[in-house]
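Pasting start.cif here (mmCIF, C-alpha atoms and all ligand atoms):
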```cif
data_run
loop_
_atom_site.label_atom_id
_atom_site.label_comp_id
_atom_site.auth_asym_id
_atom_site.auth_seq_id
_atom_site.Cartn_x
_atom_site.Cartn_y
_atom_site.Cartn_z
CA MET A 1 122.09 128.80 99.92
CA LYS A 2 122.73 130.00 103.49
CA LEU A 3 126.25 129.41 104.84
CA PHE A 4 125.33 129.44 108.54
CA GLU A 5 122.10 128.73 110.38
CA THR A 6 122.40 131.83 112.55
CA LEU A 7 123.55 134.38 109.96
CA ASP A 8 121.96 135.56 106.72
CA ILE A 9 125.00 135.53 104.39
CA LYS A 10 124.22 133.33 101.37
CA THR A 11 125.06 132.37 97.83
CA ILE A 12 122.94 133.38 94.82
CA ASN A 13 122.62 130.24 92.66
CA GLY A 14 126.09 129.50 91.29
CA LEU A 15 127.27 133.12 91.05
CA PRO A 16 130.66 133.97 92.62
CA ILE A 17 128.85 136.62 94.69
CA LEU A 18 127.53 136.61 98.26
CA TYR A 19 124.30 138.23 99.40
CA ILE A 20 123.70 139.64 102.88
CA PRO A 21 120.09 140.87 103.18
CA SER A 22 120.51 142.34 106.71
CA ILE A 23 122.99 144.94 105.44
CA ASN A 24 121.26 145.34 102.07
CA ALA A 25 124.45 144.38 100.23
CA ILE A 26 126.05 141.96 97.87
CA THR A 27 129.79 141.41 98.02
CA VAL A 28 132.45 140.34 95.53
CA ALA A 29 136.25 140.31 95.53
CA ASP A 30 139.36 139.78 93.41
CA LEU A 31 138.23 141.21 90.08
CA HIS A 32 141.83 141.77 88.92
CA LEU A 33 140.84 144.14 86.12
CA GLY A 34 143.74 144.71 83.76
CA TYR A 35 145.09 141.18 84.14
CA GLU A 36 145.16 140.59 80.37
CA GLU A 37 147.31 143.69 79.79
CA ALA A 38 149.66 142.60 82.59
CA LEU A 39 150.04 139.25 80.84
CA ALA A 40 150.63 140.98 77.49
CA ASN A 41 153.46 142.97 79.08
CA LYS A 42 155.06 139.64 79.96
CA GLY A 43 154.68 138.45 76.37
CA ILE A 44 151.65 136.25 76.99
CA PHE A 45 148.67 136.93 74.77
CA TYR A 46 145.29 136.50 76.43
CA PRO A 47 142.22 137.98 74.75
CA LYS A 48 140.54 140.78 76.72
CA SER A 49 137.54 138.97 78.07
CA GLN A 50 137.28 139.55 81.82
CA PHE A 51 135.54 142.89 81.81
CA ASN A 52 132.37 141.79 80.01
CA ILE A 53 132.05 138.62 82.08
CA ILE A 54 132.55 140.50 85.36
CA MET A 55 130.08 143.23 84.37
CA LYS A 56 127.47 140.63 83.46
CA LEU A 57 127.90 138.80 86.78
CA LEU A 58 127.57 142.03 88.77
CA VAL A 59 124.43 143.08 86.88
CA GLU A 60 122.96 139.64 87.49
CA GLY A 61 123.84 139.85 91.19
CA PHE A 62 122.09 143.22 91.39
CA GLU A 63 119.02 142.09 89.48
CA LYS A 64 118.57 138.99 91.61
CA THR A 65 118.78 140.93 94.91
CA ASN A 66 118.09 144.63 94.28
CA THR A 67 120.47 145.67 97.03
CA ASP A 68 121.56 149.27 97.64
CA ILE A 69 125.17 148.47 98.46
CA LEU A 70 127.98 146.69 96.62
CA ILE A 71 131.01 145.77 98.72
CA ILE A 72 134.17 145.03 96.70
CA ASN A 73 136.49 143.24 99.11
CA GLY A 74 139.80 144.05 97.47
CA ASP A 75 141.83 143.59 94.30
CA LEU A 76 139.58 145.50 91.98
CA LYS A 77 142.70 145.95 89.83
CA HIS A 78 145.65 143.72 89.04
CA GLU A 79 148.78 145.76 88.37
CA PHE A 80 150.72 146.58 91.57
CA GLY A 81 152.18 149.76 90.17
CA ARG A 82 150.47 152.73 88.58
CA PHE A 83 147.52 152.30 86.29
CA SER A 84 147.72 150.57 82.98
CA PHE A 85 145.56 152.07 80.25
CA GLN A 86 143.25 149.06 80.33
CA GLU A 87 142.78 149.25 84.08
CA ARG A 88 141.85 152.91 84.14
CA LYS A 89 139.33 152.56 81.34
CA GLU A 90 137.75 149.41 82.74
CA ILE A 91 137.51 150.66 86.32
CA GLU A 92 135.91 153.96 85.27
CA THR A 93 133.40 152.21 83.00
CA LEU A 94 132.61 149.59 85.64
CA LEU A 95 131.96 152.11 88.42
CA LYS A 96 129.90 154.37 86.15
CA GLU A 97 127.70 151.47 85.04
CA LEU A 98 127.29 150.07 88.54
CA LEU A 99 126.35 153.43 90.06
CA THR A 100 123.26 153.49 87.84
CA ARG A 101 122.14 150.48 89.91
CA PHE A 102 123.72 150.48 93.37
CA LYS A 103 123.28 153.51 95.64
CA LYS A 104 126.69 152.99 97.16
CA ILE A 105 129.88 151.07 96.37
CA ILE A 106 132.35 150.35 99.16
CA ILE A 107 135.84 149.22 98.16
CA VAL A 108 138.02 147.59 100.81
CA ARG A 109 141.64 147.84 99.76
CA GLY A 110 143.42 144.71 98.53
CA ASN A 111 147.15 144.20 98.06
CA HIS A 112 146.83 145.02 94.33
CA ASP A 113 144.87 148.23 94.84
CA ASN A 114 147.75 150.72 94.93
CA TYR A 115 146.93 154.15 93.48
CA LEU A 116 143.27 153.13 93.12
CA ILE A 117 142.21 156.12 95.20
CA ASN A 118 143.32 158.42 92.33
CA ILE A 119 140.56 157.09 90.10
CA ILE A 120 137.77 156.57 92.58
CA ARG A 121 137.93 159.91 94.32
CA LYS A 122 136.15 161.33 91.26
CA PHE A 123 133.10 159.24 92.03
CA GLU A 124 130.47 160.29 94.49
CA ASN A 125 128.96 157.33 96.36
CA VAL A 126 132.13 155.28 96.12
CA GLU A 127 133.87 154.82 99.44
CA PHE A 128 137.44 153.55 99.74
CA ILE A 129 138.53 151.83 102.94
CA SER A 130 142.19 151.12 103.44
CA SER A 131 142.00 148.67 106.34
CA TYR A 132 138.74 146.93 107.15
CA LEU A 133 135.01 147.56 107.16
CA THR A 134 132.51 146.61 109.86
CA ILE A 135 128.84 146.70 109.00
CA GLY A 136 126.07 144.94 110.96
CA LYS A 137 127.30 141.55 112.15
CA TYR A 138 129.98 141.41 109.47
CA GLY A 139 133.57 142.53 109.11
CA PHE A 140 135.31 142.74 105.76
CA ALA A 141 139.06 142.66 105.13
CA HIS A 142 140.83 141.59 101.96
CA GLY A 143 142.86 138.97 103.83
CA HIS A 144 146.44 139.68 102.73
CA GLU A 145 147.18 140.95 106.25
CA LEU A 146 146.36 139.43 109.63
CA SER A 147 143.96 142.27 110.52
CA LEU A 148 144.02 141.38 114.21
CA ASP A 149 142.15 144.60 115.04
CA LEU A 150 139.17 143.27 113.16
CA PHE A 151 139.18 140.11 115.29
CA SER A 152 138.76 142.21 118.42
CA THR A 153 135.67 144.02 117.14
CA LYS A 154 132.15 142.84 117.97
CA VAL A 155 131.37 141.43 114.51
CA GLU A 156 130.23 137.80 114.40
CA CYS A 157 131.57 136.94 110.99
CA ILE A 158 134.75 137.96 109.19
CA VAL A 159 134.62 137.95 105.41
CA ILE A 160 137.94 137.79 103.56
CA ALA A 161 139.10 137.16 100.00
CA HIS A 162 142.64 137.08 98.48
CA GLU A 163 142.78 133.27 98.43
CA HIS A 164 140.64 132.76 95.28
CA PRO A 165 139.37 129.49 96.78
CA ALA A 166 138.48 126.62 94.47
CA LEU A 167 137.88 122.90 94.85
CA GLY A 168 139.95 120.43 92.85
CA LEU A 169 137.70 117.49 92.08
CA LYS A 170 138.86 114.24 90.49
CA ASP A 171 136.81 111.36 89.22
CA ASP A 172 137.87 107.71 89.23
CA VAL A 173 139.58 107.97 85.84
CA TYR A 174 141.72 110.89 87.10
CA VAL A 175 139.90 113.60 85.19
CA LYS A 176 140.27 116.71 87.32
CA ILE A 177 138.19 119.85 87.33
CA LYS A 178 138.64 123.02 89.31
CA VAL A 179 135.54 124.83 90.55
CA PRO A 180 135.45 128.22 92.32
CA ALA A 181 134.14 127.91 95.86
CA VAL A 182 133.24 129.79 99.00
CA LEU A 183 135.00 128.44 102.10
CA PHE A 184 133.47 129.02 105.53
CA GLY A 185 133.09 127.87 109.09
CA GLU A 186 133.97 128.56 112.71
CA THR A 187 137.39 129.92 113.72
CA LYS A 188 139.14 129.07 116.99
CA VAL A 189 138.72 132.64 118.22
CA GLY A 190 134.95 132.85 118.54
CA LYS A 191 134.08 134.29 115.16
CA LYS A 192 132.86 132.81 111.93
CA ILE A 193 134.93 133.19 108.79
CA VAL A 194 133.97 133.30 105.12
CA VAL A 195 136.48 133.23 102.25
CA GLN A 196 134.92 134.69 99.12
CA PRO A 197 135.49 133.30 95.64
CA ALA A 198 137.28 135.48 93.08
CA LEU A 199 135.06 137.27 90.60
CA SER A 200 137.82 137.12 87.98
CA PRO A 201 137.14 134.17 85.68
CA ILE A 202 140.81 133.82 84.68
CA VAL A 203 143.06 134.46 87.69
CA LEU A 204 143.71 130.95 88.92
CA GLY A 205 142.49 129.88 92.33
CA VAL A 206 143.97 127.87 95.17
CA GLU A 207 142.60 124.33 95.48
CA VAL A 208 141.75 124.53 99.14
CA ASN A 209 141.09 120.79 99.49
CA MET A 210 144.43 119.75 98.02
CA GLN A 211 147.08 121.75 99.79
CA PRO A 212 148.45 121.99 103.32
CA GLN A 213 147.37 124.87 105.53
CA SER A 214 150.92 126.24 105.56
CA GLU A 215 150.66 126.98 101.83
CA PHE A 216 147.54 129.12 101.96
CA LEU A 217 148.08 132.69 100.76
CA SER A 218 146.23 134.55 103.49
CA PRO A 219 148.12 134.88 106.80
CA ILE A 220 144.73 134.56 108.52
CA LEU A 221 144.13 131.14 106.98
CA ARG A 222 147.72 129.99 107.53
CA ASP A 223 147.53 130.77 111.25
CA LYS A 224 146.65 127.56 113.10
CA LYS A 225 145.82 129.56 116.23
CA ILE A 226 143.02 131.26 114.30
CA VAL A 227 141.63 128.56 112.05
CA ASP A 228 141.77 124.85 111.28
CA ILE A 229 141.26 124.57 107.52
CA GLY A 230 139.97 121.00 107.86
CA ASN A 231 137.10 122.35 109.93
CA LEU A 232 135.86 124.60 107.14
CA GLU A 233 133.13 123.66 104.69
CA ALA A 234 132.90 124.64 101.05
CA ILE A 235 130.19 125.41 98.54
CA ALA A 236 131.34 124.92 94.95
CA LEU A 237 129.93 127.57 92.63
CA ASP A 238 129.34 127.01 88.95
CA ILE A 239 127.50 129.66 86.95
CA GLU A 240 125.72 127.08 84.81
CA ALA A 241 125.28 124.18 87.21
CA GLY A 242 124.60 126.04 90.48
CA ALA A 243 125.83 125.70 94.07
CA PHE A 244 127.00 122.39 95.60
CA ARG A 245 127.64 122.08 99.30
CA PHE A 246 130.50 119.86 100.54
CA PRO A 247 131.12 118.60 104.09
CA LYS A 248 134.00 119.84 106.26
CA LEU A 249 137.23 119.47 104.30
CA LYS A 250 138.81 117.07 106.81
CA LYS A 251 136.03 114.58 106.17
CA TRP A 252 136.88 114.07 102.54
CA GLN A 253 140.02 115.89 101.41
CA LYS A 254 142.38 112.94 102.02
CA ILE A 255 140.36 110.71 99.72
CA LEU A 256 141.17 113.04 96.86
CA GLN A 257 144.90 113.17 97.45
CA TYR A 258 145.87 109.96 95.71
MN MN A 301 144.79 139.80 96.92
#
```
What do you get writing this file as structure tokens?
Amino acid sequence: MKLFETLDIKTINGLPILYIPSINAITVADLHLGYEEALANKGIFYPKSQFNIIMKLLVEGFEKTNTDILIINGDLKHEFGRFSFQERKEIETLLKELLTRFKKIIIVRGNHDNYLINIIRKFENVEFISSYLTIGKYGFAHGHELSLDLFSTKVECIVIAHEHPALGLKDDVYVKIKVPAVLFGETKVGKKIVVQPALSPIVLGVEVNMQPQSEFLSPILRDKKIVDIGNLEAIALDIEAGAFRFPKLKKWQKILQY
């Protein structure tokens, strides 16, 4: 499903992955590998399940598009400090597997990606970018910083992550579900913006239709000079059920806040 009439960025069924044919790439973000071990260190047991799910999604994204490039827009890993055992093993296995399919993997640094360079410098065809990436009509930044430099480049569309956007949907008997989503629309500064869903199936997302703009995580999305959240649209993404497009948030978000 295309996000904009004039650009080719689109969803692939209900996968939490975006496809951009003009740059021969798919893009994902917020994998948070090693999250289970980080929880275990806090005394919370969560079975190790993310890796296999994430791997399966990425393989499916590749098979559906056959692109040469995979862009990981930040937070490949979870732990802020040095590597946990689980992180190192999972990142090495993931990159090795993916490089049998993609010709090139570009990783844009997220706020969790400290020390990541130590692992990925061993891999040929993996590029690590510490600020932002511009490619074709698109600019990629993780979104934990304002990245004003990126706004002054010529790109037409800025793709960020970090927010883990989701929609909180309630029915009339107050049953609530939370569905990962891609959030997108026009900014106030002449560029389009896309907020990617998290690829991690377990790191909880922000319900973008149920909270004030001032509580968004990304400084780009909090900045009312740059964007009006109510003006953004969302596509809810469910792996089984598919993609569901919603109108601009301001047209319906108040109805849900009872
Ligand atoms: Mn982040």
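Once all atoms listed in the file are considered, the residues situated within 7 Å of the file point (120.7, 147.5, 85.8) turn out to be Val59, Glu63, Thr100 and Arg101 of chain A.
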Next item on the list: Select, from A:Lys42, A:Lys96, A:His32, A:Lys48, the residue with the minimum atom-to-atom distance to ligand MN 301 (chain A), counting all atoms listed in the file.
Entry: A:His32
Item checked: Expected selection as a PyMOL selection string for ligand MN 301 (chain A) within 10 Å, all atoms listed in the file -> chain A and resi 29-32+73-78+109-113+142-145+160-164+198+217-218
Next item on the list: Determine, counting only C-alpha atoms, which protein, DNA and RNA residues have an atom within 8 Å of an atom of segment 2-6 of chain A; residues of the same chain fewer than 5 positions away are not included. Present the result as an MDAnalysis selection string.
Entry: chainID A and resid 11 184:185
Notebook entry, point to check: To one decimal place, how far is atom CA of Ala25 of chain A from atom CA of Pro197 of chain A in Å?
Noted result: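 If I compute the distance from atom CA of Ala25 of chain A to atom CA of Pro197 of chain A, I get 16.3 Å.
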Fewer than 3 positions away in the same chain doesn't count, so skip those; otherwise give me all residues within 10 Å of Arg88 of chain A, counting only C-alpha atoms, as a JSON list (two decimals) with C-alpha atoms, in the coordinates of the input.
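Printed below is result-v8.json as written:
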```
[["chain", "number", "residue", "atom", "x", "y", "z"],
["A", 33, "LEU", "CA", 140.84, 144.14, 86.12],
["A", 34, "GLY", "CA", 143.74, 144.71, 83.76],
["A", 77, "LYS", "CA", 142.70, 145.95, 89.83],
["A", 82, "ARG", "CA", 150.47, 152.73, 88.58],
["A", 83, "PHE", "CA", 147.52, 152.30, 86.29],
["A", 84, "SER", "CA", 147.72, 150.57, 82.98],
["A", 85, "PHE", "CA", 145.56, 152.07, 80.25],
["A", 91, "ILE", "CA", 137.51, 150.66, 86.32],
["A", 92, "GLU", "CA", 135.91, 153.96, 85.27],
["A", 93, "THR", "CA", 133.40, 152.21, 83.00],
["A", 94, "LEU", "CA", 132.61, 149.59, 85.64],
["A", 116, "LEU", "CA", 143.27, 153.13, 93.12],
["A", 118, "ASN", "CA", 143.32, 158.42, 92.33],
["A", 119, "ILE", "CA", 140.56, 157.09, 90.10]]
```
Next item on the list: Do a neighbour search on Lys224 of chain A at 12 Å with all atoms listed in the file, toss out local chain neighbours closer than 4 positions, and write the hits as an MDAnalysis selection string.
Entry: chainID A and resid 187:189 212:216 218:220 228:231
Residue subset to file, keeping C-alpha atoms, as an mmCIF file, keeping the file's coordinate frame:
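This went into part.cif:
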```cif
data_model
loop_
_atom_site.group_PDB
_atom_site.id
_atom_site.type_symbol
_atom_site.label_atom_id
_atom_site.label_comp_id
_atom_site.auth_asym_id
_atom_site.auth_seq_id
_atom_site.Cartn_x
_atom_site.Cartn_y
_atom_site.Cartn_z
ATOM 1 C CA THR A 187 137.390 129.920 113.720
ATOM 2 C CA LYS A 188 139.140 129.070 116.990
ATOM 3 C CA VAL A 189 138.720 132.640 118.220
ATOM 4 C CA PRO A 212 148.450 121.990 103.320
ATOM 5 C CA GLN A 213 147.370 124.870 105.530
ATOM 6 C CA SER A 214 150.920 126.240 105.560
ATOM 7 C CA GLU A 215 150.660 126.980 101.830
ATOM 8 C CA PHE A 216 147.540 129.120 101.960
ATOM 9 C CA SER A 218 146.230 134.550 103.490
ATOM 10 C CA PRO A 219 148.120 134.880 106.800
ATOM 11 C CA ILE A 220 144.730 134.560 108.520
ATOM 12 C CA ASP A 228 141.770 124.850 111.280
ATOM 13 C CA ILE A 229 141.260 124.570 107.520
ATOM 14 C CA GLY A 230 139.970 121.000 107.860
ATOM 15 C CA ASN A 231 137.100 122.350 109.930
#
```
Margin query: Would you compute the distance between atom CA of Asp223 of chain A and atom CA of Leu146 of chain A? Give it in Å to one decimal.
Written below: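 So the two atoms, atom CA of Asp223 of chain A and atom CA of Leu146 of chain A, lie 8.9 Å apart.
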Next item on the list: Write out as JSON, numbers by chain each polymer residue whose atoms come within 7 Å of segment 148-156 of chain A, counting all atoms listed in the file; drop sequence neighbours fewer than 6 positions from it.
Entry: {"A": [137, 138, 139, 191, 192]}
Check: Distance atom CA of Ile17 of chain A-atom CA of Lys104 of chain A, one decimal place?
Finding: 16.7 Å
